[in-house]
Amino acid sequence: MKLILKVLLYICLDYCQNFISILNMIKKYLIFLTLVFSVYSCTVISEKAAQKADKENAYLSTFLNKSSANLNSTLGKPTQVSSEGNLAVHVYEVKGTLFNCQRKFTIDNKNIVTGFVSTCWD
């Protein structure tokens, strides 16, 4: 009788050890899949952000080498106007649905838009 109990106990312990090793293996695979999914998600988000930034840059590039009057008629009165050397800087604050952003345009002494910087994506 004792021998049968010892054999049954040994079988149960062996089974439990196998079960635990299987659970550990599943845990490792789940961690790996989570990491792969996270990296993929970051890549997708980065690509979408780059696309939106490219779209914003393409739109703002249409104002380059044109009169600041064209800029003001399209975007309205600037929120701030400052000067950096012989350039004027027009700042437009844009209130977005997720966050606020700024569009800054540099304008030379002939009132021509010479550059821009934007933190807006859409």
# chains A, B, ... in the order shown; residues from 1 in each chain; ligands from 1
>>> closest_atom_pairs(of="segment 59-78 of chain A", to="segment 46-53 of chain A", cutoff="12 Å", atoms="only C-alpha atoms", output="tab-separated table")
residue	atom	partner	partner_atom	distance
A:Tyr59	CA	A:Ala53	CA	9.8
A:Leu60	CA	A:Ala53	CA	10.5
A:Ser61	CA	A:Ala53	CA	12.0
>>> write_last_selection(atoms="N, CA and C atoms", output="CSV table (one decimal), in the first residue's frame")
chain,number,residue,atom,x,y,z
A,59,TYR,N,1.2,72.0,-46.5
A,59,TYR,CA,0.2,73.1,-46.5
A,59,TYR,C,0.9,74.4,-46.2
A,60,LEU,N,1.8,74.4,-45.2
A,60,LEU,CA,2.4,75.6,-44.8
A,60,LEU,C,3.4,76.1,-45.8
A,61,SER,N,4.0,75.1,-46.6
A,61,SER,CA,4.9,75.5,-47.7
A,61,SER,C,4.3,76.3,-48.8
>>> select_by_dssp(residues="chain A", states="strand (DSSP E or B)", output="PDB file with N, CA and C atoms, in the first residue's frame")
ATOM      1  N   SER A  67       3.494  86.969 -50.027  1.00  0.00           N
ATOM      2  CA  SER A  67       3.281  88.123 -49.159  1.00  0.00           C
ATOM      3  C   SER A  67       2.674  87.696 -47.824  1.00  0.00           C
ATOM      4  N   GLN A  80       0.700  86.469 -31.867  1.00  0.00           N
ATOM      5  CA  GLN A  80       1.851  87.250 -31.409  1.00  0.00           C
ATOM      6  C   GLN A  80       2.655  87.691 -32.622  1.00  0.00           C
ATOM      7  N   VAL A  81       3.285  88.831 -32.483  1.00  0.00           N
ATOM      8  CA  VAL A  81       4.238  89.297 -33.490  1.00  0.00           C
ATOM      9  C   VAL A  81       5.475  89.743 -32.728  1.00  0.00           C
ATOM     10  N   SER A  82       6.626  89.180 -33.085  1.00  0.00           N
ATOM     11  CA  SER A  82       7.884  89.573 -32.456  1.00  0.00           C
ATOM     12  C   SER A  82       8.929  89.741 -33.545  1.00  0.00           C
ATOM     13  N   SER A  83      10.103  90.201 -33.151  1.00  0.00           N
ATOM     14  CA  SER A  83      11.154  90.375 -34.154  1.00  0.00           C
ATOM     15  C   SER A  83      12.425  89.679 -33.698  1.00  0.00           C
ATOM     16  N   GLU A  84      13.107  89.104 -34.662  1.00  0.00           N
ATOM     17  CA  GLU A  84      14.404  88.459 -34.449  1.00  0.00           C
ATOM     18  C   GLU A  84      15.360  89.037 -35.483  1.00  0.00           C
ATOM     19  N   LEU A  87      14.093  90.130 -39.066  1.00  0.00           N
ATOM     20  CA  LEU A  87      12.924  89.316 -39.433  1.00  0.00           C
ATOM     21  C   LEU A  87      11.800  89.509 -38.418  1.00  0.00           C
ATOM     22  N   ALA A  88      10.584  89.505 -38.902  1.00  0.00           N
ATOM     23  CA  ALA A  88       9.413  89.495 -38.022  1.00  0.00           C
ATOM     24  C   ALA A  88       8.944  88.052 -37.887  1.00  0.00           C
ATOM     25  N   VAL A  89       8.466  87.712 -36.710  1.00  0.00           N
ATOM     26  CA  VAL A  89       7.947  86.363 -36.466  1.00  0.00           C
ATOM     27  C   VAL A  89       6.475  86.485 -36.108  1.00  0.00           C
ATOM     28  N   HIS A  90       5.630  85.869 -36.923  1.00  0.00           N
ATOM     29  CA  HIS A  90       4.193  85.837 -36.658  1.00  0.00           C
ATOM     30  C   HIS A  90       3.856  84.470 -36.077  1.00  0.00           C
ATOM     31  N   VAL A  91       3.232  84.477 -34.915  1.00  0.00           N
ATOM     32  CA  VAL A  91       2.869  83.232 -34.221  1.00  0.00           C
ATOM     33  C   VAL A  91       1.357  83.093 -34.246  1.00  0.00           C
ATOM     34  N   TYR A  92       0.894  81.940 -34.684  1.00  0.00           N
ATOM     35  CA  TYR A  92      -0.532  81.620 -34.704  1.00  0.00           C
ATOM     36  C   TYR A  92      -0.777  80.474 -33.730  1.00  0.00           C
ATOM     37  N   GLU A  93      -1.578  80.732 -32.706  1.00  0.00           N
ATOM     38  CA  GLU A  93      -1.967  79.694 -31.754  1.00  0.00           C
ATOM     39  C   GLU A  93      -3.183  78.976 -32.332  1.00  0.00           C
ATOM     40  N   VAL A  94      -3.110  77.655 -32.393  1.00  0.00           N
ATOM     41  CA  VAL A  94      -4.212  76.867 -32.947  1.00  0.00           C
ATOM     42  C   VAL A  94      -4.740  75.962 -31.841  1.00  0.00           C
ATOM     43  N   LYS A  95      -6.032  76.098 -31.551  1.00  0.00           N
ATOM     44  CA  LYS A  95      -6.642  75.250 -30.526  1.00  0.00           C
ATOM     45  C   LYS A  95      -7.167  73.989 -31.199  1.00  0.00           C
ATOM     46  N   ASN A 100      -3.272  71.979 -28.020  1.00  0.00           N
ATOM     47  CA  ASN A 100      -3.048  73.239 -28.720  1.00  0.00           C
ATOM     48  C   ASN A 100      -1.675  73.207 -29.371  1.00  0.00           C
ATOM     49  N   CYS A 101      -1.521  73.970 -30.441  1.00  0.00           N
ATOM     50  CA  CYS A 101      -0.246  73.990 -31.143  1.00  0.00           C
ATOM     51  C   CYS A 101       0.042  75.390 -31.671  1.00  0.00           C
ATOM     52  N   GLN A 102       1.246  75.549 -32.210  1.00  0.00           N
ATOM     53  CA  GLN A 102       1.665  76.847 -32.735  1.00  0.00           C
ATOM     54  C   GLN A 102       2.212  76.701 -34.148  1.00  0.00           C
ATOM     55  N   ARG A 103       1.953  77.741 -34.930  1.00  0.00           N
ATOM     56  CA  ARG A 103       2.579  77.875 -36.247  1.00  0.00           C
ATOM     57  C   ARG A 103       3.324  79.200 -36.234  1.00  0.00           C
ATOM     58  N   LYS A 104       4.634  79.135 -36.457  1.00  0.00           N
ATOM     59  CA  LYS A 104       5.455  80.351 -36.476  1.00  0.00           C
ATOM     60  C   LYS A 104       5.982  80.577 -37.887  1.00  0.00           C
ATOM     61  N   PHE A 105       5.817  81.806 -38.358  1.00  0.00           N
ATOM     62  CA  PHE A 105       6.289  82.174 -39.689  1.00  0.00           C
ATOM     63  C   PHE A 105       7.291  83.316 -39.561  1.00  0.00           C
ATOM     64  N   THR A 106       8.391  83.205 -40.274  1.00  0.00           N
ATOM     65  CA  THR A 106       9.350  84.311 -40.328  1.00  0.00           C
ATOM     66  C   THR A 106       9.075  85.121 -41.590  1.00  0.00           C
ATOM     67  N   ILE A 107       9.115  86.445 -41.417  1.00  0.00           N
ATOM     68  CA  ILE A 107       8.782  87.351 -42.514  1.00  0.00           C
ATOM     69  C   ILE A 107       9.913  88.376 -42.627  1.00  0.00           C
ATOM     70  N   ILE A 112       7.718  89.289 -47.026  1.00  0.00           N
ATOM     71  CA  ILE A 112       7.640  87.999 -47.709  1.00  0.00           C
ATOM     72  C   ILE A 112       7.895  86.900 -46.669  1.00  0.00           C
ATOM     73  N   VAL A 113       7.092  85.865 -46.692  1.00  0.00           N
ATOM     74  CA  VAL A 113       7.251  84.731 -45.769  1.00  0.00           C
ATOM     75  C   VAL A 113       8.488  83.938 -46.193  1.00  0.00           C
ATOM     76  N   THR A 114       9.432  83.798 -45.267  1.00  0.00           N
ATOM     77  CA  THR A 114      10.705  83.120 -45.605  1.00  0.00           C
ATOM     78  C   THR A 114      10.867  81.765 -44.920  1.00  0.00           C
ATOM     79  N   GLY A 115      10.049  81.457 -43.931  1.00  0.00           N
ATOM     80  CA  GLY A 115      10.184  80.172 -43.259  1.00  0.00           C
ATOM     81  C   GLY A 115       9.047  79.939 -42.274  1.00  0.00           C
ATOM     82  N   PHE A 116       8.983  78.727 -41.766  1.00  0.00           N
ATOM     83  CA  PHE A 116       7.943  78.400 -40.789  1.00  0.00           C
ATOM     84  C   PHE A 116       8.402  77.258 -39.899  1.00  0.00           C
ATOM     85  N   VAL A 117       7.779  77.176 -38.737  1.00  0.00           N
ATOM     86  CA  VAL A 117       7.942  76.060 -37.805  1.00  0.00           C
ATOM     87  C   VAL A 117       6.565  75.771 -37.254  1.00  0.00           C
ATOM     88  N   SER A 118       6.199  74.490 -37.207  1.00  0.00           N
ATOM     89  CA  SER A 118       4.861  74.148 -36.728  1.00  0.00           C
ATOM     90  C   SER A 118       4.922  72.973 -35.764  1.00  0.00           C
TER      91      SER A 118
END
>>> atom_distance(atom1="atom CA of Gly96 of chain A", atom2="atom CA of Thr79 of chain A")
15.1 Å
>>> select_by_dssp(residues="segment 20-118 of chain A", states="helix (DSSP H, G or I)", output="number ranges by chain")
A: 20-61, 68-75
>>> write_last_selection(atoms="N, CA and C atoms", output="CSV table (one decimal), in the first residue's frame")
chain,number,residue,atom,x,y,z
A,20,ILE,N,3.9,23.0,-14.5
A,20,ILE,CA,4.5,24.3,-14.2
A,20,ILE,C,5.5,24.7,-15.3
A,21,SER,N,6.2,23.8,-15.9
A,21,SER,CA,7.2,24.1,-16.9
A,21,SER,C,6.4,24.6,-18.2
A,22,ILE,N,5.2,24.0,-18.4
A,22,ILE,CA,4.4,24.4,-19.6
A,22,ILE,C,3.8,25.8,-19.3
A,23,LEU,N,3.4,26.1,-18.1
A,23,LEU,CA,2.9,27.4,-17.8
A,23,LEU,C,4.1,28.5,-18.0
A,24,ASN,N,5.3,28.1,-17.5
A,24,ASN,CA,6.4,29.0,-17.7
A,24,ASN,C,6.7,29.3,-19.2
A,25,MET,N,6.6,28.3,-20.0
A,25,MET,CA,6.8,28.4,-21.4
A,25,MET,C,5.7,29.3,-22.0
A,26,ILE,N,4.5,29.1,-21.6
A,26,ILE,CA,3.4,29.9,-22.1
A,26,ILE,C,3.6,31.4,-21.7
A,27,LYS,N,4.0,31.6,-20.5
A,27,LYS,CA,4.3,32.9,-20.0
A,27,LYS,C,5.4,33.6,-20.8
A,28,LYS,N,6.4,32.9,-21.2
A,28,LYS,CA,7.5,33.5,-22.0
A,28,LYS,C,7.0,33.9,-23.4
A,29,TYR,N,6.1,33.0,-24.0
A,29,TYR,CA,5.6,33.3,-25.3
A,29,TYR,C,4.7,34.5,-25.2
A,30,LEU,N,3.9,34.7,-24.2
A,30,LEU,CA,3.0,35.8,-24.0
A,30,LEU,C,3.8,37.1,-23.9
A,31,ILE,N,4.9,37.1,-23.1
A,31,ILE,CA,5.7,38.2,-23.0
A,31,ILE,C,6.3,38.6,-24.3
A,32,PHE,N,6.8,37.6,-25.1
A,32,PHE,CA,7.4,37.9,-26.4
A,32,PHE,C,6.3,38.5,-27.3
A,33,LEU,N,5.1,37.9,-27.4
A,33,LEU,CA,4.1,38.5,-28.2
A,33,LEU,C,3.7,39.9,-27.8
A,34,THR,N,3.7,40.2,-26.5
A,34,THR,CA,3.4,41.5,-26.1
A,34,THR,C,4.4,42.5,-26.5
A,35,LEU,N,5.7,42.1,-26.5
A,35,LEU,CA,6.8,43.0,-26.9
A,35,LEU,C,6.7,43.2,-28.4
A,36,VAL,N,6.4,42.2,-29.2
A,36,VAL,CA,6.3,42.3,-30.6
A,36,VAL,C,5.1,43.3,-31.0
A,37,PHE,N,4.0,43.1,-30.3
A,37,PHE,CA,2.8,43.9,-30.6
A,37,PHE,C,3.1,45.4,-30.2
A,38,SER,N,3.9,45.6,-29.1
A,38,SER,CA,4.2,47.0,-28.7
A,38,SER,C,5.1,47.7,-29.7
A,39,VAL,N,6.1,47.0,-30.2
A,39,VAL,CA,7.0,47.5,-31.2
A,39,VAL,C,6.2,47.9,-32.4
A,40,TYR,N,5.4,47.0,-32.9
A,40,TYR,CA,4.6,47.2,-34.1
A,40,TYR,C,3.7,48.4,-33.9
A,41,SER,N,3.0,48.5,-32.7
A,41,SER,CA,2.2,49.7,-32.5
A,41,SER,C,2.9,51.0,-32.5
A,42,CYS,N,4.1,51.0,-31.9
A,42,CYS,CA,4.9,52.2,-32.0
A,42,CYS,C,5.3,52.6,-33.4
A,43,THR,N,5.6,51.6,-34.2
A,43,THR,CA,5.9,51.9,-35.6
A,43,THR,C,4.8,52.5,-36.3
A,44,VAL,N,3.6,51.9,-36.1
A,44,VAL,CA,2.4,52.4,-36.8
A,44,VAL,C,2.1,53.9,-36.4
A,45,ILE,N,2.2,54.1,-35.1
A,45,ILE,CA,1.9,55.5,-34.6
A,45,ILE,C,3.0,56.5,-35.2
A,46,SER,N,4.2,56.1,-35.2
A,46,SER,CA,5.3,57.0,-35.8
A,46,SER,C,5.0,57.3,-37.2
A,47,GLU,N,4.6,56.3,-38.0
A,47,GLU,CA,4.3,56.5,-39.4
A,47,GLU,C,3.1,57.4,-39.6
A,48,LYS,N,2.1,57.3,-38.8
A,48,LYS,CA,0.9,58.2,-38.9
A,48,LYS,C,1.3,59.6,-38.5
A,49,ALA,N,2.1,59.7,-37.5
A,49,ALA,CA,2.5,61.1,-37.1
A,49,ALA,C,3.4,61.7,-38.2
A,50,ALA,N,4.2,60.9,-38.8
A,50,ALA,CA,5.1,61.5,-39.9
A,50,ALA,C,4.2,61.9,-41.1
A,51,GLN,N,3.2,61.1,-41.4
A,51,GLN,CA,2.3,61.5,-42.5
A,51,GLN,C,1.6,62.8,-42.2
A,52,LYS,N,1.1,62.9,-41.0
A,52,LYS,CA,0.4,64.2,-40.6
A,52,LYS,C,1.3,65.4,-40.7
A,53,ALA,N,2.5,65.2,-40.2
A,53,ALA,CA,3.5,66.3,-40.2
A,53,ALA,C,3.9,66.6,-41.7
A,54,ASP,N,4.0,65.7,-42.5
A,54,ASP,CA,4.3,65.9,-43.9
A,54,ASP,C,3.1,66.7,-44.6
A,55,LYS,N,1.9,66.4,-44.2
A,55,LYS,CA,0.7,67.1,-44.7
A,55,LYS,C,0.7,68.5,-44.2
A,56,GLU,N,1.0,68.7,-43.0
A,56,GLU,CA,1.1,70.1,-42.4
A,56,GLU,C,2.2,70.9,-43.1
A,57,ASN,N,3.4,70.3,-43.3
A,57,ASN,CA,4.5,71.0,-43.9
A,57,ASN,C,4.1,71.3,-45.4
A,58,ALA,N,3.5,70.5,-46.1
A,58,ALA,CA,3.0,70.7,-47.5
A,58,ALA,C,2.1,71.9,-47.5
A,59,TYR,N,1.2,72.0,-46.5
A,59,TYR,CA,0.2,73.1,-46.5
A,59,TYR,C,0.9,74.4,-46.2
A,60,LEU,N,1.8,74.4,-45.2
A,60,LEU,CA,2.4,75.6,-44.8
A,60,LEU,C,3.4,76.1,-45.8
A,61,SER,N,4.0,75.1,-46.6
A,61,SER,CA,4.9,75.5,-47.7
A,61,SER,C,4.3,76.3,-48.8
A,68,SER,N,3.0,88.4,-46.8
A,68,SER,CA,2.5,88.1,-45.5
A,68,SER,C,1.0,88.5,-45.4
A,69,ALA,N,0.5,89.3,-46.4
A,69,ALA,CA,-0.9,89.6,-46.5
A,69,ALA,C,-1.7,88.4,-46.8
A,70,ASN,N,-1.1,87.6,-47.7
A,70,ASN,CA,-1.7,86.3,-48.1
A,70,ASN,C,-1.9,85.4,-46.8
A,71,LEU,N,-0.8,85.4,-46.0
A,71,LEU,CA,-0.8,84.6,-44.8
A,71,LEU,C,-1.9,85.1,-43.9
A,72,ASN,N,-2.0,86.4,-43.7
A,72,ASN,CA,-3.0,87.0,-42.7
A,72,ASN,C,-4.4,86.8,-43.3
A,73,SER,N,-4.6,86.8,-44.6
A,73,SER,CA,-6.0,86.6,-45.1
A,73,SER,C,-6.4,85.2,-44.9
A,74,THR,N,-5.5,84.3,-45.0
A,74,THR,CA,-5.8,82.8,-44.8
A,74,THR,C,-6.0,82.4,-43.4
A,75,LEU,N,-5.0,82.7,-42.6
A,75,LEU,CA,-4.9,82.3,-41.2
A,75,LEU,C,-5.5,83.3,-40.2
>>> closest_residue(among="A:Lys77, A:Cys16, A:Cys120, A:Asn86", to="Leu98 of chain A", atoms="only C-alpha atoms")
A:Cys120
